[in-house]
Amino acid sequence: MNKSKLTKTLWKQRYLILMVFPFIVWLIIFRYIPLWGWIMAFQDYRPGKPIWQQEWVGIRWFAEMFQDPDFYKVMRNTLVMSIMGLVFGFPLPIILALLLNEIKNMAFKRTVQTISYLPHFVSWVVVASLVSEILSPSGIINQILQKLHLTNYPIMFMAEPRYFWWIVTFSDIWKELGWNTIIYLAAITSINPELYEAATVDGAGRFRKMISITLPGIMPTVIVLLILSIGNIINIGFERQFLLRTAATRDVADVIDLYILSYGIGTGRYSFGTAAGVFKSVLSLTLLIFANWLSKKTTGYRMM
């Protein structure tokens, strides 16, 4: 592309460039500039001294992290909850989008969409309070179980470690299910309507058109989002675990981000926390590359 043609293209797409520009600035400020701080993972960082005057310790903090039994415990919790969220949470927005697409009554469709979207805008502080109240000994779940004579005494859901992973997983699914359907509904609108018309002429019913046209039509979007989800499997966050955990469930509630917060920033061991953060980022990148390679080999679709 010569210079004049490039200039014309940039001028023609100037509004799109202006729309993207704030995001690029945000990305540079909050994602790329902080990478400079990674060198703290290889130093014995002490606040108050310039970073170039800090003591270099090599991979000392990484070795200490891998020798810490608590690190493997939080990695187990992180991976289990992430995988549960992926297995149970990833297919449901696709199913909901397919079902919403089949609703012909637009008023009812918009109502269902609005109701399913609303929990996304509710703070996790509020959601955690609701979940704790619903699952409390006097909550509605225990009342129903006792009314149906499925149990003779209230179950302490929030105090039982064996229930915690399930509570976190399904709380997150309830909160984000409707919101995650948006991109699939948008992908469905790009499918050529003539395909449905041809299928109708051939005698295909709604279910057959859903399986043979709609689902293959959104498959590239599904694959890209699945790759991104696998890449982010370690980036589980900590809000819901922090807000839903109790003293009895702490061992199954702590995740890698809480580990970094508690063992790094909370105790003033900034270099140790940075080392754990670097490990998390490198592992996420590795998972992303692997998922992209596996998708290309098995389905032919890839993200990059």
# chains A, B, ... in the order shown; residues from 1 in each chain; ligands from 1
call {"tool": "residues_around", "arguments": {"residues": "Val222 of chain A", "least_positions_apart": "5", "cutoff": "9 Å", "atoms": "only C-alpha atoms", "output": "list in words"}}
result
Ile94, Tyr184 and Ile227 of chain A
call {"tool": "select_by_dssp", "arguments": {"residues": "segment 31-272 of chain A", "states": "strand (DSSP E)", "output": "PyMOL selection string"}}
result
chain A and resi 43-44+55-56
call {"tool": "residues_around", "arguments": {"residues": "Ala291 of chain A", "least_positions_apart": "2", "cutoff": "9 Å", "atoms": "only C-alpha atoms", "output": "PyMOL selection string"}}
result
chain A and resi 226-228+230-231+286-289+293-296+302
call {"tool": "write_last_selection", "arguments": {"atoms": "N, CA, C and O atoms", "output": "compact mmCIF listing (two decimals), in the first residue's frame"}}
result
# COMPACT_ATOMS: atom_id res chain seq x y z
N LEU A 226 -14.27 -19.14 23.52
CA LEU A 226 -13.77 -20.28 24.29
C LEU A 226 -12.25 -20.18 24.48
O LEU A 226 -11.74 -20.44 25.57
N ILE A 227 -11.55 -19.78 23.43
CA ILE A 227 -10.10 -19.60 23.53
C ILE A 227 -9.77 -18.54 24.57
O ILE A 227 -8.88 -18.71 25.42
N LEU A 228 -10.49 -17.42 24.52
CA LEU A 228 -10.26 -16.35 25.50
C LEU A 228 -10.58 -16.81 26.91
O LEU A 228 -9.89 -16.45 27.87
N ILE A 230 -10.38 -19.90 28.07
CA ILE A 230 -9.31 -20.80 28.52
C ILE A 230 -8.06 -19.99 28.89
O ILE A 230 -7.40 -20.28 29.89
N GLY A 231 -7.77 -18.96 28.10
CA GLY A 231 -6.63 -18.10 28.41
C GLY A 231 -6.79 -17.37 29.73
O GLY A 231 -5.80 -17.07 30.41
N THR A 286 0.41 -18.70 28.24
CA THR A 286 0.68 -20.06 27.78
C THR A 286 -0.62 -20.80 27.47
O THR A 286 -0.73 -21.48 26.44
N LEU A 287 -1.60 -20.68 28.35
CA LEU A 287 -2.89 -21.33 28.13
C LEU A 287 -3.58 -20.77 26.89
O LEU A 287 -4.20 -21.50 26.12
N LEU A 288 -3.48 -19.47 26.68
CA LEU A 288 -4.09 -18.83 25.51
C LEU A 288 -3.47 -19.36 24.22
O LEU A 288 -4.18 -19.70 23.27
N ILE A 289 -2.14 -19.42 24.18
CA ILE A 289 -1.45 -19.91 22.98
C ILE A 289 -1.79 -21.38 22.73
O ILE A 289 -2.05 -21.79 21.59
N TRP A 293 -3.76 -22.91 19.49
CA TRP A 293 -3.15 -23.97 18.67
C TRP A 293 -4.06 -25.19 18.58
O TRP A 293 -4.26 -25.76 17.51
N LEU A 294 -4.64 -25.59 19.72
CA LEU A 294 -5.53 -26.75 19.74
C LEU A 294 -6.77 -26.51 18.90
O LEU A 294 -7.23 -27.41 18.17
N SER A 295 -7.32 -25.31 18.98
CA SER A 295 -8.51 -24.98 18.18
C SER A 295 -8.20 -25.03 16.69
O SER A 295 -9.00 -25.54 15.89
N LYS A 296 -7.04 -24.51 16.32
CA LYS A 296 -6.66 -24.53 14.90
C LYS A 296 -6.50 -25.96 14.40
O LYS A 296 -6.90 -26.29 13.27
N ARG A 302 -9.26 -20.14 14.60
CA ARG A 302 -8.25 -19.64 15.52
C ARG A 302 -8.48 -18.17 15.77
O ARG A 302 -9.14 -17.48 15.00
call {"tool": "residues_around", "arguments": {"residues": "Ile234 of chain A", "least_positions_apart": "3", "cutoff": "8 Å", "atoms": "only C-alpha atoms", "output": "JSON, numbers by chain"}}
result
{"A": [78, 79, 82, 231, 256, 280, 283, 284]}
call {"tool": "write_last_selection", "arguments": {"atoms": "N, CA, C and O atoms", "output": "mmCIF file, in the first residue's frame"}}
result
data_model
loop_
_atom_site.group_PDB
_atom_site.id
_atom_site.type_symbol
_atom_site.label_atom_id
_atom_site.label_comp_id
_atom_site.auth_asym_id
_atom_site.auth_seq_id
_atom_site.Cartn_x
_atom_site.Cartn_y
_atom_site.Cartn_z
ATOM 1 N N THR A 78 -8.208 -22.150 42.580
ATOM 2 C CA THR A 78 -8.379 -21.319 41.384
ATOM 3 C C THR A 78 -8.749 -22.153 40.172
ATOM 4 O O THR A 78 -9.715 -21.846 39.453
ATOM 5 N N LEU A 79 -7.999 -23.225 39.938
ATOM 6 C CA LEU A 79 -8.237 -24.048 38.756
ATOM 7 C C LEU A 79 -9.568 -24.771 38.828
ATOM 8 O O LEU A 79 -10.298 -24.854 37.834
ATOM 9 N N SER A 82 -12.384 -22.236 38.299
ATOM 10 C CA SER A 82 -12.353 -21.755 36.912
ATOM 11 C C SER A 82 -12.888 -22.811 35.954
ATOM 12 O O SER A 82 -13.671 -22.511 35.051
ATOM 13 N N GLY A 231 -7.772 -18.958 28.100
ATOM 14 C CA GLY A 231 -6.632 -18.105 28.413
ATOM 15 C C GLY A 231 -6.786 -17.372 29.729
ATOM 16 O O GLY A 231 -5.798 -17.073 30.414
ATOM 17 N N ILE A 256 -5.637 -17.411 43.692
ATOM 18 C CA ILE A 256 -4.323 -16.833 43.429
ATOM 19 C C ILE A 256 -4.305 -15.323 43.641
ATOM 20 O O ILE A 256 -3.336 -14.770 44.166
ATOM 21 N N LYS A 280 1.303 -15.765 37.182
ATOM 22 C CA LYS A 280 -0.085 -15.849 36.723
ATOM 23 C C LYS A 280 -0.220 -15.353 35.289
ATOM 24 O O LYS A 280 -0.911 -15.972 34.470
ATOM 25 N N LEU A 283 1.419 -17.881 32.836
ATOM 26 C CA LEU A 283 0.573 -19.068 32.708
ATOM 27 C C LEU A 283 -0.657 -18.775 31.856
ATOM 28 O O LEU A 283 -1.052 -19.602 31.022
ATOM 29 N N SER A 284 -1.255 -17.610 32.021
ATOM 30 C CA SER A 284 -2.419 -17.226 31.207
ATOM 31 C C SER A 284 -2.050 -17.144 29.738
ATOM 32 O O SER A 284 -2.800 -17.620 28.871
#
call {"tool": "atom_distance", "arguments": {"atom1": "atom CA of Val168 of chain A", "atom2": "atom CA of Gln241 of chain A"}}
result
6.9 Å
call {"tool": "residues_around", "arguments": {"residues": "Ile167 of chain A", "least_positions_apart": "4", "cutoff": "10 Å", "atoms": "only C-alpha atoms", "output": "ChimeraX atom specification"}}
result
/A:131-132,135,157-158,162-163,171-173,240-241,244
call {"tool": "write_last_selection", "arguments": {"atoms": "C-alpha atoms", "output": "mmCIF file, in the first residue's frame"}}
result
data_model
loop_
_atom_site.group_PDB
_atom_site.id
_atom_site.type_symbol
_atom_site.label_atom_id
_atom_site.label_comp_id
_atom_site.auth_asym_id
_atom_site.auth_seq_id
_atom_site.Cartn_x
_atom_site.Cartn_y
_atom_site.Cartn_z
ATOM 1 C CA VAL A 131 -26.783 -15.574 48.350
ATOM 2 C CA SER A 132 -25.853 -15.649 52.035
ATOM 3 C CA LEU A 135 -28.641 -20.134 51.866
ATOM 4 C CA PHE A 157 -24.417 -24.189 53.231
ATOM 5 C CA MET A 158 -22.118 -21.249 53.878
ATOM 6 C CA ARG A 162 -17.862 -29.010 50.142
ATOM 7 C CA TYR A 163 -20.581 -26.597 48.989
ATOM 8 C CA SER A 171 -23.749 -17.434 41.750
ATOM 9 C CA ASP A 172 -21.454 -16.262 38.955
ATOM 10 C CA ILE A 173 -23.555 -18.036 36.311
ATOM 11 C CA ARG A 240 -16.931 -13.373 44.905
ATOM 12 C CA GLN A 241 -14.593 -15.663 46.847
ATOM 13 C CA LEU A 244 -18.763 -15.397 50.106
#
call {"tool": "atom_distance", "arguments": {"atom1": "atom CA of Phe238 of chain A", "atom2": "atom CA of Val255 of chain A"}}
result
6.8 Å
call {"tool": "closest_atom_pairs", "arguments": {"of": "segment 140-256 of chain A", "to": "segment 109-112 of chain A", "cutoff": "12 Å", "atoms": "only C-alpha atoms", "output": "Markdown table"}}
result
| residue | atom | partner | partner_atom | distance |
| --- | --- | --- | --- | --- |
| A:Leu177 | CA | A:Val112 | CA | 11.9 |
| A:Gly178 | CA | A:Val112 | CA | 9.0 |
| A:Trp179 | CA | A:Val112 | CA | 11.8 |
| A:Thr181 | CA | A:Val112 | CA | 11.7 |
| A:Leu185 | CA | A:Lys109 | CA | 11.9 |
call {"tool": "decode", "arguments": {"residues": "segment 67-179 of chain A", "atoms": "C-alpha atoms", "output": "PDB file, in the first residue's frame"}}
result
ATOM      1  CA  GLN A  67       8.056 -24.171  47.991  1.00  0.00           C
ATOM      2  CA  ASP A  68       5.049 -22.709  49.776  1.00  0.00           C
ATOM      3  CA  PRO A  69       2.274 -25.308  50.427  1.00  0.00           C
ATOM      4  CA  ASP A  70      -0.330 -22.538  50.467  1.00  0.00           C
ATOM      5  CA  PHE A  71       0.539 -21.688  46.860  1.00  0.00           C
ATOM      6  CA  TYR A  72      -0.533 -25.123  45.652  1.00  0.00           C
ATOM      7  CA  LYS A  73      -3.702 -24.898  47.719  1.00  0.00           C
ATOM      8  CA  VAL A  74      -4.747 -21.608  46.142  1.00  0.00           C
ATOM      9  CA  MET A  75      -3.803 -22.898  42.672  1.00  0.00           C
ATOM     10  CA  ARG A  76      -6.054 -25.903  43.247  1.00  0.00           C
ATOM     11  CA  ASN A  77      -8.930 -23.677  44.324  1.00  0.00           C
ATOM     12  CA  THR A  78      -8.379 -21.319  41.384  1.00  0.00           C
ATOM     13  CA  LEU A  79      -8.237 -24.048  38.756  1.00  0.00           C
ATOM     14  CA  VAL A  80     -11.184 -26.029  40.121  1.00  0.00           C
ATOM     15  CA  MET A  81     -13.492 -23.019  40.326  1.00  0.00           C
ATOM     16  CA  SER A  82     -12.353 -21.755  36.912  1.00  0.00           C
ATOM     17  CA  ILE A  83     -12.900 -25.134  35.264  1.00  0.00           C
ATOM     18  CA  MET A  84     -16.309 -25.506  36.917  1.00  0.00           C
ATOM     19  CA  GLY A  85     -17.257 -22.054  35.673  1.00  0.00           C
ATOM     20  CA  LEU A  86     -16.066 -22.950  32.167  1.00  0.00           C
ATOM     21  CA  VAL A  87     -17.852 -26.320  32.048  1.00  0.00           C
ATOM     22  CA  PHE A  88     -21.159 -25.123  33.466  1.00  0.00           C
ATOM     23  CA  GLY A  89     -21.078 -21.428  32.608  1.00  0.00           C
ATOM     24  CA  PHE A  90     -19.786 -21.368  29.037  1.00  0.00           C
ATOM     25  CA  PRO A  91     -22.515 -23.426  27.271  1.00  0.00           C
ATOM     26  CA  LEU A  92     -25.486 -21.824  29.048  1.00  0.00           C
ATOM     27  CA  PRO A  93     -25.264 -18.366  27.368  1.00  0.00           C
ATOM     28  CA  ILE A  94     -25.122 -20.118  23.982  1.00  0.00           C
ATOM     29  CA  ILE A  95     -28.217 -22.167  24.808  1.00  0.00           C
ATOM     30  CA  LEU A  96     -30.050 -19.089  26.103  1.00  0.00           C
ATOM     31  CA  ALA A  97     -29.148 -17.119  22.960  1.00  0.00           C
ATOM     32  CA  LEU A  98     -30.423 -19.936  20.736  1.00  0.00           C
ATOM     33  CA  LEU A  99     -33.678 -20.120  22.678  1.00  0.00           C
ATOM     34  CA  LEU A 100     -34.166 -16.338  22.698  1.00  0.00           C
ATOM     35  CA  ASN A 101     -33.620 -16.276  18.950  1.00  0.00           C
ATOM     36  CA  GLU A 102     -36.574 -18.642  18.513  1.00  0.00           C
ATOM     37  CA  ILE A 103     -39.008 -16.417  20.427  1.00  0.00           C
ATOM     38  CA  LYS A 104     -41.303 -14.649  17.965  1.00  0.00           C
ATOM     39  CA  ASN A 105     -43.153 -12.470  20.470  1.00  0.00           C
ATOM     40  CA  MET A 106     -40.828  -9.468  20.608  1.00  0.00           C
ATOM     41  CA  ALA A 107     -42.327  -7.998  23.785  1.00  0.00           C
ATOM     42  CA  PHE A 108     -41.813 -11.264  25.660  1.00  0.00           C
ATOM     43  CA  LYS A 109     -38.317 -11.649  24.169  1.00  0.00           C
ATOM     44  CA  ARG A 110     -37.242  -8.180  25.312  1.00  0.00           C
ATOM     45  CA  THR A 111     -38.686  -8.821  28.767  1.00  0.00           C
ATOM     46  CA  VAL A 112     -36.718 -12.050  29.150  1.00  0.00           C
ATOM     47  CA  GLN A 113     -33.549 -10.363  27.890  1.00  0.00           C
ATOM     48  CA  THR A 114     -33.933  -7.445  30.290  1.00  0.00           C
ATOM     49  CA  ILE A 115     -34.568  -9.709  33.280  1.00  0.00           C
ATOM     50  CA  SER A 116     -31.589 -11.906  32.423  1.00  0.00           C
ATOM     51  CA  TYR A 117     -29.270  -8.886  31.908  1.00  0.00           C
ATOM     52  CA  LEU A 118     -30.135  -7.088  35.159  1.00  0.00           C
ATOM     53  CA  PRO A 119     -28.020  -9.184  37.592  1.00  0.00           C
ATOM     54  CA  HIS A 120     -24.873  -8.174  35.688  1.00  0.00           C
ATOM     55  CA  PHE A 121     -25.310  -4.602  36.921  1.00  0.00           C
ATOM     56  CA  VAL A 122     -25.718  -5.662  40.549  1.00  0.00           C
ATOM     57  CA  SER A 123     -22.620  -5.308  42.729  1.00  0.00           C
ATOM     58  CA  TRP A 124     -21.000  -8.488  44.020  1.00  0.00           C
ATOM     59  CA  VAL A 125     -21.459  -7.062  47.517  1.00  0.00           C
ATOM     60  CA  VAL A 126     -25.223  -7.147  46.989  1.00  0.00           C
ATOM     61  CA  VAL A 127     -25.135 -10.549  45.268  1.00  0.00           C
ATOM     62  CA  ALA A 128     -23.080 -12.050  48.114  1.00  0.00           C
ATOM     63  CA  SER A 129     -25.567 -10.695  50.637  1.00  0.00           C
ATOM     64  CA  LEU A 130     -28.483 -12.189  48.693  1.00  0.00           C
ATOM     65  CA  VAL A 131     -26.783 -15.574  48.350  1.00  0.00           C
ATOM     66  CA  SER A 132     -25.853 -15.649  52.035  1.00  0.00           C
ATOM     67  CA  GLU A 133     -29.422 -14.815  53.010  1.00  0.00           C
ATOM     68  CA  ILE A 134     -30.974 -17.375  50.657  1.00  0.00           C
ATOM     69  CA  LEU A 135     -28.641 -20.134  51.866  1.00  0.00           C
ATOM     70  CA  SER A 136     -28.774 -19.228  55.551  1.00  0.00           C
ATOM     71  CA  PRO A 137     -30.302 -21.718  58.032  1.00  0.00           C
ATOM     72  CA  SER A 138     -33.555 -19.706  57.938  1.00  0.00           C
ATOM     73  CA  GLY A 139     -33.310 -18.958  54.222  1.00  0.00           C
ATOM     74  CA  ILE A 140     -35.735 -20.012  51.528  1.00  0.00           C
ATOM     75  CA  ILE A 141     -33.634 -22.990  50.338  1.00  0.00           C
ATOM     76  CA  ASN A 142     -33.603 -24.604  53.771  1.00  0.00           C
ATOM     77  CA  GLN A 143     -37.290 -23.847  54.206  1.00  0.00           C
ATOM     78  CA  ILE A 144     -38.124 -25.600  50.926  1.00  0.00           C
ATOM     79  CA  LEU A 145     -35.951 -28.607  51.772  1.00  0.00           C
ATOM     80  CA  GLN A 146     -37.633 -28.978  55.143  1.00  0.00           C
ATOM     81  CA  LYS A 147     -41.124 -28.502  53.705  1.00  0.00           C
ATOM     82  CA  LEU A 148     -40.423 -31.292  51.221  1.00  0.00           C
ATOM     83  CA  HIS A 149     -39.018 -33.420  54.063  1.00  0.00           C
ATOM     84  CA  LEU A 150     -35.690 -33.752  52.261  1.00  0.00           C
ATOM     85  CA  THR A 151     -33.905 -32.798  55.460  1.00  0.00           C
ATOM     86  CA  ASN A 152     -34.913 -32.625  59.104  1.00  0.00           C
ATOM     87  CA  TYR A 153     -32.604 -29.796  60.046  1.00  0.00           C
ATOM     88  CA  PRO A 154     -31.176 -26.712  58.309  1.00  0.00           C
ATOM     89  CA  ILE A 155     -28.076 -27.264  56.181  1.00  0.00           C
ATOM     90  CA  MET A 156     -25.211 -24.887  56.885  1.00  0.00           C
ATOM     91  CA  PHE A 157     -24.417 -24.189  53.231  1.00  0.00           C
ATOM     92  CA  MET A 158     -22.118 -21.249  53.878  1.00  0.00           C
ATOM     93  CA  ALA A 159     -20.143 -23.100  56.567  1.00  0.00           C
ATOM     94  CA  GLU A 160     -19.581 -26.334  54.626  1.00  0.00           C
ATOM     95  CA  PRO A 161     -16.398 -26.342  52.476  1.00  0.00           C
ATOM     96  CA  ARG A 162     -17.862 -29.010  50.142  1.00  0.00           C
ATOM     97  CA  TYR A 163     -20.581 -26.597  48.989  1.00  0.00           C
ATOM     98  CA  PHE A 164     -18.431 -23.509  48.498  1.00  0.00           C
ATOM     99  CA  TRP A 165     -17.166 -24.138  44.951  1.00  0.00           C
ATOM    100  CA  TRP A 166     -20.705 -24.878  43.757  1.00  0.00           C
ATOM    101  CA  ILE A 167     -22.091 -21.748  45.428  1.00  0.00           C
ATOM    102  CA  VAL A 168     -19.446 -19.540  43.786  1.00  0.00           C
ATOM    103  CA  THR A 169     -19.916 -21.180  40.368  1.00  0.00           C
ATOM    104  CA  PHE A 170     -23.683 -20.901  40.194  1.00  0.00           C
ATOM    105  CA  SER A 171     -23.749 -17.434  41.750  1.00  0.00           C
ATOM    106  CA  ASP A 172     -21.454 -16.262  38.955  1.00  0.00           C
ATOM    107  CA  ILE A 173     -23.555 -18.036  36.311  1.00  0.00           C
ATOM    108  CA  TRP A 174     -26.753 -16.401  37.594  1.00  0.00           C
ATOM    109  CA  LYS A 175     -25.107 -12.976  37.614  1.00  0.00           C
ATOM    110  CA  GLU A 176     -23.490 -13.108  34.154  1.00  0.00           C
ATOM    111  CA  LEU A 177     -25.697 -15.483  32.140  1.00  0.00           C
ATOM    112  CA  GLY A 178     -27.874 -12.869  30.455  1.00  0.00           C
ATOM    113  CA  TRP A 179     -25.008 -10.468  29.812  1.00  0.00           C
TER     114      TRP A 179
END
